[in-house]
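*Asks:* My structure is in work.pdb, and what it holds is PDB, C-alpha atoms:
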```
ATOM      1  CA  GLY A1321      46.464 118.216 207.819  1.00  0.00           C
ATOM      2  CA  ASN A1322      44.934 120.085 210.712  1.00  0.00           C
ATOM      3  CA  GLY A1323      41.229 119.719 210.186  1.00  0.00           C
ATOM      4  CA  VAL A1324      38.281 120.189 207.867  1.00  0.00           C
ATOM      5  CA  TYR A1325      37.518 123.696 206.621  1.00  0.00           C
ATOM      6  CA  ARG A1326      34.490 125.356 205.014  1.00  0.00           C
ATOM      7  CA  SER A1327      34.349 128.452 202.843  1.00  0.00           C
ATOM      8  CA  ARG A1328      31.182 130.486 202.274  1.00  0.00           C
ATOM      9  CA  ASP A1329      32.758 133.068 199.953  1.00  0.00           C
ATOM     10  CA  GLY A1330      34.330 131.084 197.157  1.00  0.00           C
ATOM     11  CA  GLY A1331      37.581 130.376 198.965  1.00  0.00           C
ATOM     12  CA  ARG A1332      38.490 133.901 200.095  1.00  0.00           C
ATOM     13  CA  SER A1333      38.195 132.890 203.744  1.00  0.00           C
ATOM     14  CA  TRP A1334      37.930 129.590 205.569  1.00  0.00           C
ATOM     15  CA  GLN A1335      36.391 128.365 208.823  1.00  0.00           C
ATOM     16  CA  ARG A1336      37.709 125.244 210.510  1.00  0.00           C
ATOM     17  CA  MET A1337      34.850 122.887 211.278  1.00  0.00           C
ATOM     18  CA  GLY A1338      36.668 120.264 213.337  1.00  0.00           C
ATOM     19  CA  LEU A1339      38.951 117.205 213.238  1.00  0.00           C
ATOM     20  CA  GLY A1340      41.958 119.337 214.129  1.00  0.00           C
ATOM     21  CA  ALA A1341      43.956 116.277 215.218  1.00  0.00           C
ATOM     22  CA  SER A1342      43.061 114.193 212.169  1.00  0.00           C
ATOM     23  CA  GLU A1343      46.683 114.159 210.896  1.00  0.00           C
ATOM     24  CA  HIS A1344      45.660 112.765 207.487  1.00  0.00           C
ATOM     25  CA  ILE A1345      42.337 112.987 205.658  1.00  0.00           C
ATOM     26  CA  GLY A1346      41.939 110.413 202.922  1.00  0.00           C
ATOM     27  CA  ARG A1347      38.645 111.439 201.397  1.00  0.00           C
ATOM     28  CA  ILE A1348      35.744 113.863 201.778  1.00  0.00           C
ATOM     29  CA  LEU A1349      32.281 113.108 200.407  1.00  0.00           C
ATOM     30  CA  VAL A1350      29.073 115.118 200.435  1.00  0.00           C
ATOM     31  CA  HIS A1351      26.089 112.951 201.345  1.00  0.00           C
ATOM     32  CA  PRO A1352      24.198 112.217 198.095  1.00  0.00           C
ATOM     33  CA  LYS A1353      20.797 112.825 199.719  1.00  0.00           C
ATOM     34  CA  ASP A1354      21.663 115.655 202.116  1.00  0.00           C
ATOM     35  CA  GLY A1355      24.094 118.373 201.054  1.00  0.00           C
ATOM     36  CA  ASN A1356      24.425 119.529 204.666  1.00  0.00           C
ATOM     37  CA  VAL A1357      26.097 116.251 205.651  1.00  0.00           C
ATOM     38  CA  VAL A1358      29.781 115.754 204.855  1.00  0.00           C
ATOM     39  CA  LEU A1359      31.531 112.406 205.345  1.00  0.00           C
ATOM     40  CA  VAL A1360      35.237 112.539 206.194  1.00  0.00           C
ATOM     41  CA  ALA A1361      37.701 109.636 206.190  1.00  0.00           C
ATOM     42  CA  ALA A1362      40.232 110.694 208.837  1.00  0.00           C
ATOM     43  CA  GLU A1363      43.050 108.149 208.780  1.00  0.00           C
ATOM     44  CA  GLY A1364      44.926 109.305 211.861  1.00  0.00           C
ATOM     45  CA  PRO A1365      48.669 109.463 212.512  1.00  0.00           C
ATOM     46  CA  LEU A1366      49.558 106.015 211.130  1.00  0.00           C
ATOM     47  CA  TRP A1367      48.126 106.850 207.715  1.00  0.00           C
ATOM     48  CA  SER A1368      49.351 104.278 205.152  1.00  0.00           C
ATOM     49  CA  ALA A1369      51.296 102.324 207.797  1.00  0.00           C
ATOM     50  CA  ARG A1370      47.985 101.131 209.264  1.00  0.00           C
ATOM     51  CA  ALA A1371      47.511  98.866 206.238  1.00  0.00           C
ATOM     52  CA  LEU A1372      50.689  96.965 207.155  1.00  0.00           C
ATOM     53  CA  LEU A1373      48.899  95.868 210.320  1.00  0.00           C
ATOM     54  CA  ASP A1374      45.335  95.552 209.081  1.00  0.00           C
ATOM     55  CA  ASP A1375      45.599  94.279 205.506  1.00  0.00           C
ATOM     56  CA  PRO A1376      49.072  93.605 204.075  1.00  0.00           C
ATOM     57  CA  THR A1377      47.477  91.439 201.372  1.00  0.00           C
ATOM     58  CA  MET A1378      45.751  94.547 200.027  1.00  0.00           C
ATOM     59  CA  ILE A1379      49.163  96.214 199.682  1.00  0.00           C
ATOM     60  CA  LEU A1380      50.430  93.112 197.893  1.00  0.00           C
ATOM     61  CA  ARG A1381      47.525  93.297 195.436  1.00  0.00           C
ATOM     62  CA  ILE A1382      48.268  96.945 194.708  1.00  0.00           C
ATOM     63  CA  HIS A1383      51.955  96.225 194.155  1.00  0.00           C
ATOM     64  CA  ARG A1384      51.117  93.330 191.829  1.00  0.00           C
ATOM     65  CA  ALA A1385      48.776  95.546 189.825  1.00  0.00           C
ATOM     66  CA  TYR A1386      51.664  97.940 189.222  1.00  0.00           C
ATOM     67  CA  VAL A1387      53.913  95.059 188.156  1.00  0.00           C
ATOM     68  CA  ALA A1388      51.207  93.814 185.782  1.00  0.00           C
ATOM     69  CA  ALA A1389      51.066  97.312 184.298  1.00  0.00           C
ATOM     70  CA  GLY A1390      54.793  97.187 183.584  1.00  0.00           C
ATOM     71  CA  ALA A1391      56.397  98.740 186.666  1.00  0.00           C
ATOM     72  CA  GLU A1392      59.982  97.654 187.271  1.00  0.00           C
ATOM     73  CA  VAL A1393      60.466  99.636 190.500  1.00  0.00           C
ATOM     74  CA  LEU A1394      57.981  99.410 193.375  1.00  0.00           C
ATOM     75  CA  THR A1395      57.950 101.927 196.205  1.00  0.00           C
ATOM     76  CA  ALA A1396      57.462 100.045 199.460  1.00  0.00           C
ATOM     77  CA  ASN A1397      54.825 101.253 201.894  1.00  0.00           C
ATOM     78  CA  THR A1398      57.367 102.880 204.236  1.00  0.00           C
ATOM     79  CA  PHE A1399      56.241 106.492 203.867  1.00  0.00           C
ATOM     80  CA  ARG A1400      55.114 106.460 207.504  1.00  0.00           C
ATOM     81  CA  THR A1401      57.157 103.699 209.145  1.00  0.00           C
ATOM     82  CA  GLN A1402      59.589 106.094 210.846  1.00  0.00           C
ATOM     83  CA  ALA A1403      59.606 105.815 214.630  1.00  0.00           C
ATOM     84  CA  ARG A1404      58.365 109.399 215.009  1.00  0.00           C
ATOM     85  CA  ALA A1405      55.258 108.809 212.902  1.00  0.00           C
ATOM     86  CA  LEU A1406      54.483 105.443 214.463  1.00  0.00           C
ATOM     87  CA  ALA A1407      54.943 106.826 217.986  1.00  0.00           C
ATOM     88  CA  ARG A1408      51.902 109.043 217.491  1.00  0.00           C
ATOM     89  CA  GLY A1409      49.893 105.861 217.108  1.00  0.00           C
ATOM     90  CA  GLY A1410      51.609 104.128 220.023  1.00  0.00           C
ATOM     91  CA  LEU A1411      53.806 101.947 217.797  1.00  0.00           C
ATOM     92  CA  GLY A1412      57.135 103.760 217.838  1.00  0.00           C
ATOM     93  CA  GLU A1413      59.045 100.674 218.960  1.00  0.00           C
ATOM     94  CA  ARG A1414      57.848  98.749 215.877  1.00  0.00           C
ATOM     95  CA  ALA A1415      59.541 100.940 213.250  1.00  0.00           C
ATOM     96  CA  ALA A1416      62.065  98.332 212.132  1.00  0.00           C
ATOM     97  CA  GLU A1417      59.457  95.548 212.165  1.00  0.00           C
ATOM     98  CA  LEU A1418      56.908  97.403 210.043  1.00  0.00           C
ATOM     99  CA  THR A1419      59.602  98.615 207.663  1.00  0.00           C
ATOM    100  CA  GLN A1420      60.668  94.987 207.213  1.00  0.00           C
ATOM    101  CA  ILE A1421      57.092  93.907 206.486  1.00  0.00           C
ATOM    102  CA  ALA A1422      56.663  96.673 203.901  1.00  0.00           C
ATOM    103  CA  ILE A1423      59.852  95.768 202.051  1.00  0.00           C
ATOM    104  CA  GLU A1424      59.013  92.042 202.094  1.00  0.00           C
ATOM    105  CA  VAL A1425      55.513  92.651 200.692  1.00  0.00           C
ATOM    106  CA  ALA A1426      56.925  94.722 197.837  1.00  0.00           C
ATOM    107  CA  ARG A1427      59.559  92.065 197.175  1.00  0.00           C
ATOM    108  CA  ARG A1428      56.919  89.354 196.938  1.00  0.00           C
ATOM    109  CA  ALA A1429      55.204  91.364 194.235  1.00  0.00           C
ATOM    110  CA  VAL A1430      58.214  92.278 192.104  1.00  0.00           C
ATOM    111  CA  GLY A1431      60.494  89.331 192.805  1.00  0.00           C
ATOM    112  CA  HIS A1432      64.165  89.672 191.967  1.00  0.00           C
ATOM    113  CA  THR A1433      63.613  90.793 188.382  1.00  0.00           C
ATOM    114  CA  GLY A1434      62.565  94.259 189.547  1.00  0.00           C
ATOM    115  CA  PHE A1435      63.556  96.655 192.281  1.00  0.00           C
ATOM    116  CA  VAL A1436      62.148  97.782 195.630  1.00  0.00           C
ATOM    117  CA  ALA A1437      62.535 101.426 196.613  1.00  0.00           C
ATOM    118  CA  GLY A1438      62.374 102.287 200.292  1.00  0.00           C
ATOM    119  CA  SER A1439      60.377 105.477 200.818  1.00  0.00           C
ATOM    120  CA  MET A1440      61.969 108.184 203.000  1.00  0.00           C
ATOM    121  CA  ALA A1441      59.423 110.944 203.565  1.00  0.00           C
ATOM    122  CA  PRO A1442      59.439 114.121 205.675  1.00  0.00           C
ATOM    123  CA  LEU A1443      59.321 113.277 209.374  1.00  0.00           C
ATOM    124  CA  GLU A1444      56.340 115.552 209.908  1.00  0.00           C
ATOM    125  CA  ASP A1445      53.413 116.497 207.658  1.00  0.00           C
ATOM    126  CA  CYS A1446      54.662 116.667 204.079  1.00  0.00           C
ATOM    127  CA  TRP A1447      52.302 119.601 203.391  1.00  0.00           C
ATOM    128  CA  GLN A1448      53.599 121.697 206.297  1.00  0.00           C
ATOM    129  CA  PRO A1449      57.332 122.421 205.911  1.00  0.00           C
ATOM    130  CA  GLU A1450      57.336 124.650 208.977  1.00  0.00           C
ATOM    131  CA  LEU A1451      56.938 121.534 211.146  1.00  0.00           C
ATOM    132  CA  ALA A1452      60.316 120.070 210.172  1.00  0.00           C
ATOM    133  CA  PRO A1453      62.318 119.153 213.311  1.00  0.00           C
ATOM    134  CA  ASP A1454      65.703 120.622 214.213  1.00  0.00           C
ATOM    135  CA  ASP A1455      68.872 119.526 212.437  1.00  0.00           C
ATOM    136  CA  VAL A1456      69.927 117.057 215.141  1.00  0.00           C
ATOM    137  CA  ALA A1457      66.588 115.244 215.038  1.00  0.00           C
ATOM    138  CA  LEU A1458      66.559 115.227 211.241  1.00  0.00           C
ATOM    139  CA  ALA A1459      70.007 113.644 211.055  1.00  0.00           C
ATOM    140  CA  ARG A1460      69.307 111.055 213.756  1.00  0.00           C
ATOM    141  CA  GLU A1461      65.840 109.974 212.660  1.00  0.00           C
ATOM    142  CA  HIS A1462      66.486 109.858 208.925  1.00  0.00           C
ATOM    143  CA  ALA A1463      69.628 107.822 209.626  1.00  0.00           C
ATOM    144  CA  GLU A1464      67.601 105.338 211.673  1.00  0.00           C
ATOM    145  CA  HIS A1465      64.965 105.010 208.946  1.00  0.00           C
ATOM    146  CA  ALA A1466      67.566 104.658 206.190  1.00  0.00           C
ATOM    147  CA  SER A1467      69.302 101.929 208.176  1.00  0.00           C
ATOM    148  CA  ASN A1468      66.005 100.084 208.738  1.00  0.00           C
ATOM    149  CA  LEU A1469      65.279 100.206 205.006  1.00  0.00           C
ATOM    150  CA  ALA A1470      68.727  98.949 204.065  1.00  0.00           C
ATOM    151  CA  CYS A1471      68.595  96.134 206.624  1.00  0.00           C
ATOM    152  CA  ALA A1472      65.143  95.142 205.372  1.00  0.00           C
ATOM    153  CA  GLY A1473      66.514  94.623 201.869  1.00  0.00           C
ATOM    154  CA  ALA A1474      65.588  97.726 199.880  1.00  0.00           C
ATOM    155  CA  ASP A1475      67.396  98.022 196.546  1.00  0.00           C
ATOM    156  CA  LEU A1476      67.422 101.820 196.586  1.00  0.00           C
ATOM    157  CA  LEU A1477      66.210 104.674 198.774  1.00  0.00           C
ATOM    158  CA  LEU A1478      63.627 107.169 197.534  1.00  0.00           C
ATOM    159  CA  VAL A1479      63.877 110.447 199.443  1.00  0.00           C
ATOM    160  CA  GLU A1480      60.460 111.710 198.435  1.00  0.00           C
ATOM    161  CA  THR A1481      57.978 114.527 198.786  1.00  0.00           C
ATOM    162  CA  MET A1482      60.601 116.782 200.365  1.00  0.00           C
ATOM    163  CA  ASN A1483      59.093 120.170 201.153  1.00  0.00           C
ATOM    164  CA  ASN A1484      62.171 122.122 202.296  1.00  0.00           C
ATOM    165  CA  ILE A1485      65.871 122.147 201.482  1.00  0.00           C
ATOM    166  CA  ARG A1486      67.125 121.593 205.018  1.00  0.00           C
ATOM    167  CA  GLU A1487      65.296 118.303 205.490  1.00  0.00           C
ATOM    168  CA  ALA A1488      65.993 117.166 201.928  1.00  0.00           C
ATOM    169  CA  ARG A1489      69.725 117.504 202.544  1.00  0.00           C
ATOM    170  CA  ALA A1490      69.508 115.706 205.888  1.00  0.00           C
ATOM    171  CA  ALA A1491      67.564 112.809 204.387  1.00  0.00           C
ATOM    172  CA  VAL A1492      69.897 112.459 201.407  1.00  0.00           C
ATOM    173  CA  GLN A1493      72.954 112.531 203.661  1.00  0.00           C
ATOM    174  CA  ALA A1494      71.435 109.774 205.793  1.00  0.00           C
ATOM    175  CA  ALA A1495      70.470 107.710 202.759  1.00  0.00           C
ATOM    176  CA  LYS A1496      73.956 107.991 201.265  1.00  0.00           C
ATOM    177  CA  THR A1497      75.524 106.385 204.331  1.00  0.00           C
ATOM    178  CA  THR A1498      73.816 103.065 203.466  1.00  0.00           C
ATOM    179  CA  GLY A1499      75.703 102.729 200.178  1.00  0.00           C
ATOM    180  CA  LEU A1500      72.429 102.179 198.291  1.00  0.00           C
ATOM    181  CA  PRO A1501      71.411 104.233 195.240  1.00  0.00           C
ATOM    182  CA  VAL A1502      69.511 107.375 196.276  1.00  0.00           C
ATOM    183  CA  TRP A1503      66.685 109.043 194.348  1.00  0.00           C
ATOM    184  CA  VAL A1504      65.145 112.367 195.386  1.00  0.00           C
ATOM    185  CA  SER A1505      61.813 114.075 194.683  1.00  0.00           C
ATOM    186  CA  PHE A1506      60.264 117.310 195.956  1.00  0.00           C
ATOM    187  CA  ALA A1507      56.792 118.591 196.791  1.00  0.00           C
ATOM    188  CA  CYS A1508      56.282 121.806 194.828  1.00  0.00           C
ATOM    189  CA  ASP A1509      53.611 124.461 194.621  1.00  0.00           C
ATOM    190  CA  GLY A1510      53.204 124.546 190.839  1.00  0.00           C
ATOM    191  CA  ALA A1511      55.434 127.584 190.437  1.00  0.00           C
ATOM    192  CA  ALA A1512      58.838 125.868 190.574  1.00  0.00           C
ATOM    193  CA  ARG A1513      59.049 126.379 194.341  1.00  0.00           C
ATOM    194  CA  LEU A1514      59.061 123.898 197.198  1.00  0.00           C
ATOM    195  CA  LEU A1515      56.178 124.129 199.657  1.00  0.00           C
ATOM    196  CA  SER A1516      58.596 126.072 201.856  1.00  0.00           C
ATOM    197  CA  SER A1517      58.642 128.731 199.076  1.00  0.00           C
ATOM    198  CA  GLU A1518      62.308 127.954 198.383  1.00  0.00           C
ATOM    199  CA  PRO A1519      63.098 127.896 194.642  1.00  0.00           C
ATOM    200  CA  LEU A1520      63.262 124.421 193.136  1.00  0.00           C
ATOM    201  CA  GLU A1521      66.485 125.461 191.412  1.00  0.00           C
ATOM    202  CA  ASP A1522      68.093 126.088 194.809  1.00  0.00           C
ATOM    203  CA  ALA A1523      66.850 122.759 196.125  1.00  0.00           C
ATOM    204  CA  LEU A1524      68.295 120.884 193.165  1.00  0.00           C
ATOM    205  CA  ALA A1525      71.634 122.622 193.620  1.00  0.00           C
ATOM    206  CA  ALA A1526      71.747 121.941 197.366  1.00  0.00           C
ATOM    207  CA  VAL A1527      70.850 118.283 197.012  1.00  0.00           C
ATOM    208  CA  GLY A1528      72.902 117.816 193.851  1.00  0.00           C
ATOM    209  CA  ALA A1529      76.029 118.738 195.791  1.00  0.00           C
ATOM    210  CA  LEU A1530      75.469 115.523 197.783  1.00  0.00           C
ATOM    211  CA  GLU A1531      75.532 113.478 194.580  1.00  0.00           C
ATOM    212  CA  PRO A1532      72.315 111.449 194.710  1.00  0.00           C
ATOM    213  CA  ASP A1533      71.821 109.032 191.824  1.00  0.00           C
ATOM    214  CA  LEU A1534      68.643 110.756 190.593  1.00  0.00           C
ATOM    215  CA  ALA A1535      67.014 114.063 191.512  1.00  0.00           C
TER     216      ALA A1535
END
```
Mind turning this structure into structure tokens?
*Replies:*
Amino acid sequence: GNGVYRSRDGGRSWQRMGLGASEHIGRILVHPKDGNVVLVAAEGPLWSARALLDDPTMILRIHRAYVAAGAEVLTANTFRTQARALARGGLGERAAELTQIAIEVARRAVGHTGFVAGSMAPLEDCWQPELAPDDVALAREHAEHASNLACAGADLLLVETMNNIREARAAVQAAKTTGLPVWVSFACDGAARLLSSEPLEDALAAVGALEPDLA
């Protein structure tokens, strides 16, 4: 995200109120005793990766709750363990390390009777497809992340929340080089279009040509 906005006309126009560099906003609450006070949880560039440093046992508890509910595949907390994302929080050199921790935590929860999916997300904000890097960066950085996931012991790679065809193809191509099964999901606008406005049908065709295991 790029800040907190306020509308005074029912959503026809918006005014940005601040927190332009928030990166990710987890929750917004209106103060229960003062409607003029708004509380914002701005999680910063590390987003979910911060929990790998601060409270990995919390992640383990969440994973175990999913297993208890019947989940056979757990998605490891690697949505933001790419070097690019971590670099914004000063931790770019720890990409492989944090990816390893995330996979190991998921494995502890599911054991060897289930499966761990390594998350491969858009390199930039998943809600802003226009921020996708150039083709060279996409190929290089998704390949690095896919390799880290495979080396950490992921059972399959989940190319998820893809918001444009170009990056989806780059991520799937990188994932395929590991030899692991590849699943793909897209972020859509509710009208069978990716957030880039590209038709979902076109995205499925473009990615399907790369032969992922599930899309």
*Asks:* The PyMOL selection byres ((chain A and resi 1406-1409) around 10) on the file shown: which residues, as a PyMOL selection string?
*Replies:* chain A and resi 1343+1364-1367+1369-1370+1400-1405+1410-1415+1418
*Asks:* Starting from the displayed file, determine the output of the PyMOL selection byres ((chain A and resi 1387) around 12) and express the residue list as a ChimeraX atom specification.
*Replies:* /A:1380-1386,1388-1395,1426-1431,1433-1436
*Asks:* Which protein, DNA or RNA residues are at most 8 Å from (68.2, 106.7, 188.3) in the file's coordinates when you count all atoms listed in the file, listed as a list in words?
*Replies:*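 Checking each residue against the 8 Å limit leaves Trp1503, Asp1533 and Leu1534 of chain A.
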*Asks:* Expanded to explicit residues, what is the PyMOL selection byres ((chain A and resi 1397) around 9) for this file, as a PyMOL selection string?
*Replies:* chain A and resi 1368-1369+1371-1372+1379+1395-1396+1398-1401+1419+1421-1423+1425-1426+1438-1439
*Asks:* How many Å lie between CA of Arg1486 (chain A) and CA of Thr1498 (chain A), rounded to one decimal?
*Replies:*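 These two atoms are separated by 19.8 Å.
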*Asks:* Between CA of Ala1494 (chain A) and CA of Ala1507 (chain A), what is the spacing in Å?
*Replies:*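 Rounded to one decimal, the two atoms are 19.3 Å apart.
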*Asks:* Taking all listed atoms of region 1501-1519 of chain A, build the axis-aligned box, pad each of the six sides by 8 Å, then write its centre and edge lengths in Å to one decimal as lines of an AutoDock Vina configuration file.
*Replies:*
```
center_x = 62.3
center_y = 116.5
center_z = 196.1
size_x = 34.2
size_y = 40.5
size_z = 27.4
```
*Asks:* So that I can check the surroundings of Val1527 (chain A), please list as a list in words every protein, DNA and RNA residue that reaches within 8 Å of it, counting all atoms listed in the file and ignoring chain neighbours fewer than 4 positions away.
*Replies:* Ile1485, Ala1488, Arg1489, Val1492, Ala1523, Glu1531, Pro1532 and Ala1535 of chain A
*Asks:* Just want the 7 Å neighbourhood of Met1337 (chain A), counted on only C-alpha atoms, with same-chain residues fewer than 4 positions away dropped. Output as a list of chain:residue names.
*Replies:* A:Val1324, A:Tyr1325, A:Arg1326
*Asks:* At a cut-off of 7 Å around the point (61.1, 125.7, 201.3) (file coordinates), what residues fall inside when counting all atoms listed in the file? I'd like the answer as a PDB file with C-alpha atoms, in the coordinates of the input.
*Replies:*
```pdb
ATOM      1  CA  PRO A1449      57.332 122.421 205.911  1.00  0.00           C
ATOM      2  CA  ASN A1483      59.093 120.170 201.153  1.00  0.00           C
ATOM      3  CA  ASN A1484      62.171 122.122 202.296  1.00  0.00           C
ATOM      4  CA  ILE A1485      65.871 122.147 201.482  1.00  0.00           C
ATOM      5  CA  LEU A1514      59.061 123.898 197.198  1.00  0.00           C
ATOM      6  CA  LEU A1515      56.178 124.129 199.657  1.00  0.00           C
ATOM      7  CA  SER A1516      58.596 126.072 201.856  1.00  0.00           C
ATOM      8  CA  SER A1517      58.642 128.731 199.076  1.00  0.00           C
ATOM      9  CA  GLU A1518      62.308 127.954 198.383  1.00  0.00           C
TER      10      GLU A1518
END
```
*Asks:* CA of Ala1463 (chain A) and CA of Gln1420 (chain A) are how many Å apart?
*Replies:* 15.8 Å
*Asks:* Using all atoms listed in the file, which of A:Leu1524, A:Ala1490, A:Leu1349, A:Ala1416 sits nearest Ala1452 (chain A)?
*Replies:*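 Of A:Leu1524, A:Ala1490, A:Leu1349, A:Ala1416, the one nearest Ala1452 (chain A), counting all atoms listed in the file, is A:Ala1490.
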*Asks:* Excluding same-chain residues fewer than 5 positions from Leu1359 (chain A), what lies within 8 Å of it counting all atoms listed in the file, as a ChimeraX atom specification?
*Replies:* /A:1348-1351
*Asks:* Regenerate region 1504-1512 of chain A at the level of all heavy atoms and dump it as a PDB file, keeping the file's coordinate frame.
*Replies:*
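Ended up saving to out-v7.pdb:
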```pdb
ATOM      1  N   VAL A1504      65.731 111.258 194.624  1.00  0.00           N
ATOM      2  CA  VAL A1504      65.145 112.367 195.386  1.00  0.00           C
ATOM      3  C   VAL A1504      63.996 112.987 194.600  1.00  0.00           C
ATOM      4  O   VAL A1504      64.107 113.184 193.379  1.00  0.00           O
ATOM      5  CB  VAL A1504      66.185 113.464 195.681  1.00  0.00           C
ATOM      6  CG1 VAL A1504      65.592 114.507 196.641  1.00  0.00           C
ATOM      7  CG2 VAL A1504      67.459 112.873 196.257  1.00  0.00           C
ATOM      8  N   SER A1505      62.903 113.304 195.292  1.00  0.00           N
ATOM      9  CA  SER A1505      61.813 114.075 194.683  1.00  0.00           C
ATOM     10  C   SER A1505      61.342 115.137 195.671  1.00  0.00           C
ATOM     11  O   SER A1505      61.562 115.022 196.884  1.00  0.00           O
ATOM     12  CB  SER A1505      60.645 113.167 194.275  1.00  0.00           C
ATOM     13  OG  SER A1505      59.913 112.734 195.408  1.00  0.00           O
ATOM     14  N   PHE A1506      60.698 116.174 195.137  1.00  0.00           N
ATOM     15  CA  PHE A1506      60.264 117.310 195.956  1.00  0.00           C
ATOM     16  C   PHE A1506      58.758 117.534 195.820  1.00  0.00           C
ATOM     17  O   PHE A1506      58.151 117.185 194.804  1.00  0.00           O
ATOM     18  CB  PHE A1506      60.995 118.580 195.528  1.00  0.00           C
ATOM     19  CG  PHE A1506      62.485 118.532 195.701  1.00  0.00           C
ATOM     20  CD1 PHE A1506      63.313 118.177 194.648  1.00  0.00           C
ATOM     21  CD2 PHE A1506      63.061 118.826 196.928  1.00  0.00           C
ATOM     22  CE1 PHE A1506      64.688 118.120 194.801  1.00  0.00           C
ATOM     23  CE2 PHE A1506      64.433 118.771 197.097  1.00  0.00           C
ATOM     24  CZ  PHE A1506      65.244 118.415 196.027  1.00  0.00           C
ATOM     25  N   ALA A1507      58.179 118.136 196.840  1.00  0.00           N
ATOM     26  CA  ALA A1507      56.792 118.591 196.791  1.00  0.00           C
ATOM     27  C   ALA A1507      56.804 120.079 196.455  1.00  0.00           C
ATOM     28  O   ALA A1507      57.344 120.879 197.226  1.00  0.00           O
ATOM     29  CB  ALA A1507      56.103 118.358 198.133  1.00  0.00           C
ATOM     30  N   CYS A1508      56.228 120.419 195.313  1.00  0.00           N
ATOM     31  CA  CYS A1508      56.282 121.806 194.828  1.00  0.00           C
ATOM     32  C   CYS A1508      54.896 122.428 194.777  1.00  0.00           C
ATOM     33  O   CYS A1508      53.875 121.730 194.850  1.00  0.00           O
ATOM     34  CB  CYS A1508      56.937 121.842 193.453  1.00  0.00           C
ATOM     35  SG  CYS A1508      58.647 121.236 193.439  1.00  0.00           S
ATOM     36  N   ASP A1509      54.875 123.722 194.595  1.00  0.00           N
ATOM     37  CA  ASP A1509      53.611 124.461 194.621  1.00  0.00           C
ATOM     38  C   ASP A1509      53.059 124.771 193.240  1.00  0.00           C
ATOM     39  O   ASP A1509      52.086 125.491 193.105  1.00  0.00           O
ATOM     40  CB  ASP A1509      53.780 125.764 195.407  1.00  0.00           C
ATOM     41  CG  ASP A1509      54.761 126.732 194.734  1.00  0.00           C
ATOM     42  OD1 ASP A1509      55.310 126.394 193.657  1.00  0.00           O
ATOM     43  OD2 ASP A1509      54.972 127.831 195.288  1.00  0.00           O
ATOM     44  N   GLY A1510      53.664 124.259 192.189  1.00  0.00           N
ATOM     45  CA  GLY A1510      53.204 124.546 190.839  1.00  0.00           C
ATOM     46  C   GLY A1510      53.879 125.728 190.197  1.00  0.00           C
ATOM     47  O   GLY A1510      53.647 126.039 189.031  1.00  0.00           O
ATOM     48  N   ALA A1511      54.734 126.409 190.955  1.00  0.00           N
ATOM     49  CA  ALA A1511      55.434 127.584 190.437  1.00  0.00           C
ATOM     50  C   ALA A1511      56.941 127.415 190.598  1.00  0.00           C
ATOM     51  O   ALA A1511      57.652 128.381 190.853  1.00  0.00           O
ATOM     52  CB  ALA A1511      54.962 128.848 191.154  1.00  0.00           C
ATOM     53  N   ALA A1512      57.409 126.184 190.464  1.00  0.00           N
ATOM     54  CA  ALA A1512      58.838 125.868 190.574  1.00  0.00           C
ATOM     55  C   ALA A1512      59.414 126.279 191.918  1.00  0.00           C
ATOM     56  O   ALA A1512      60.559 126.715 192.018  1.00  0.00           O
ATOM     57  CB  ALA A1512      59.629 126.516 189.433  1.00  0.00           C
TER      58      ALA A1512
END
```
